[in-house]
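Below you'll find the structure, written out as structure tokens, and then a few comments.
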Amino acid sequence: MPKEKSGRNKTIDISVEEGRRYLAGSVKITSNASLEDILDKTILGDCLFVMPLLPGCFADLVIADPPYNLDKDFNGKKFKKTSDEKYAEFTESWVKKVLPLMKEDASIYVCCDWRSGSVIESILEKYFIIQNRITWQREKGRGALKNWKNGMEDIWFATKSGSYTFNVDAVKMRRRVIAPYKENGKPKDWEETGSGNFRNTYPSNFWDDISIPYWSMPENTAHPTQKPEKLLAKLILASSNSGDVVFDPFLGSGSTTVTARKLRRHYVGIELNEQYCVWAGKRLEMAGTDPDIQGYSDGVFWERNTSAFQKTSEIT
């Protein structure tokens, strides 16, 4: 018999059979589609075959989390590690297909690890203007006896043109002030509250405030490489506006589209695996009644482990 989960374990791991109604909410695209056909939908299929059938210039923001160049089992669909040359070919194949789907002022973020990062950069700079590389601390990682533990991942930030959206005030970090400075007896550039002293600071390209989803978090699924909603929220708030369309060609368990819905954006996601479409559908349903994003509230991102000071999210 399968082991019964603890009452505190919120991991979404329902089977395809249990989640047939969520899978039924996904769409399959076999011919040229209009924006109305795909808007706010999960598309079940291979992005390399689906993207040429999608309408041109519909996406304001693309967030892509392709398989890293590692051996990885995605619920029975295995991605095999290959040479840098072959991985570059794979990367270029999907980049060339995503490019015509983006508006002229659109941005793209591509997730990677340290091994695949240079390959992805070399392809992106052929088609986009690279703006930055974000490094985020995964907080946990496998130990290594003969190497440094891999606790970081990267995200390349690029734009289709020199004109693009970047809402810096929407992604400020709330940090605790240890030694507050006062001028004329009043706080200078910080806020005094009953929960402590805080300052809203401009974001950098190193993020050490992200927690990987774990079993007691409502967003957690059994997907092996799930990205946190807090991480996606930073990308979406910075590089899109309310009502814009966010596109993810490698949707996985739905973190991008779920976060987009919570932040009042439209979304389109493509996912090859039926199981992950089920989990994405379940999470999208949950997002309809619970828009909270752990680590984000009152219009600011909080440092890790400061959730006790958060108020209920109010997204405007």
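Identifiers in the structure tokens: chain A, B, ... in order shown; residue index from 1 per chain; ligand index from 1 in order shown.
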
If you count only C-alpha atoms, which residues fall within 6 Å of A:Ile155, apart from same-chain ones fewer than 4 positions away, as a JSON list (two decimals) with C-alpha atoms, in the first residue's frame?
```
[["chain", "number", "residue", "atom", "x", "y", "z"],
["A", 110, "VAL", "CA", 15.96, 31.43, -19.87],
["A", 111, "CYS", "CA", 16.80, 29.23, -16.88],
["A", 133, "ARG", "CA", 22.49, 37.19, -16.00],
["A", 134, "ILE", "CA", 20.68, 36.51, -12.75]]
```

Problem set entry | Distance query A:Trp114 at most 9 Å, only C-alpha atoms, self and fewer than 5 positions along chain excluded, as a list of chain:residue names | A:Asn150, A:Met152, A:Glu153, A:Asp154

Under the rule of at most 7 Å, produce a per-residue listing of stretch 87-180 of chain A near stretch 206-222 of chain A: chain, number, name, the closest pair of atoms, and the distance in Å, as JSON lines, using only C-alpha atoms.
```
{"residue": "A:Ile134", "atom": "CA", "partner": "A:Phe206", "partner_atom": "CA", "distance": 5.9}
{"residue": "A:Thr135", "atom": "CA", "partner": "A:Phe206", "partner_atom": "CA", "distance": 4.9}
{"residue": "A:Trp136", "atom": "CA", "partner": "A:Trp207", "partner_atom": "CA", "distance": 4.5}
{"residue": "A:Gln137", "atom": "CA", "partner": "A:Asp208", "partner_atom": "CA", "distance": 5.1}
{"residue": "A:Arg138", "atom": "CA", "partner": "A:Ile212", "partner_atom": "CA", "distance": 6.3}
{"residue": "A:Glu139", "atom": "CA", "partner": "A:Ser211", "partner_atom": "CA", "distance": 6.5}
```

For this session: Could you jot down the atom CA of A:Thr225 to atom CA of A:Thr257 separation for me, Å, one decimal place?
Result: 15.8 Å

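The coordinates place atom CA of A:Ser255 at 11.0 Å from atom CA of A:Ile293.
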
Seminar exercise, completed: Counting only C-alpha atoms, the residue among A:Ser26, A:Thr159, A:Ser253, A:Thr289 that lies closest to A:Ile14 is A:Ser253

For this session: Between A:Ser163, A:Asn273, A:Asn9, A:Ser122, single out the one closest to A:Gly76, counting only C-alpha atoms.
Result: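 Counting only C-alpha atoms, the residue closest to A:Gly76 is A:Asn273.
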
Problem set entry | helix (DSSP H, G or I) per DSSP on the backbone: members of stretch 23-100 of chain A, as number ranges by chain | A: 23-24, 35-38, 47-53, 84-100

Seminar exercise, completed: If you count only C-alpha atoms, the residue of A:Ser34, A:Asn132, A:Ser116, A:Asn147 closest to A:Pro66 turns out to be A:Ser116

For this session: Give me every strand (DSSP E or B) residue in stretch 57-203 of chain A, going by DSSP on the backbone, as number ranges by chain.
Result: A: 59-64, 72-74, 77-79, 102-112, 129-137, 152-159, 173-176, 182-183, 186-187, 191-193, 196-201

For this session: Could you tell me which of A:Lys10, A:Lys172, A:Arg265, A:Lys5 comes closest to A:Val300 if we count only C-alpha atoms?
Result: A:Lys172

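Across A:Lys103, A:Lys146, A:Arg175, A:Arg264, the tightest approach to A:Asn200 is made by A:Arg175 when counting only C-alpha atoms.
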
For this session: Find the residues near A:Tyr267: any atom within 6 Å, counting only C-alpha atoms, skip ones fewer than 5 places away on the same chain, and give them as a VMD selection string.
Result: chain A and resid 40 245 to 247 257

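Closest approach to A:Phe250 among A:Leu232, A:Ala24, A:Ala59, A:Ala64: A:Ala64, based on only C-alpha atoms.
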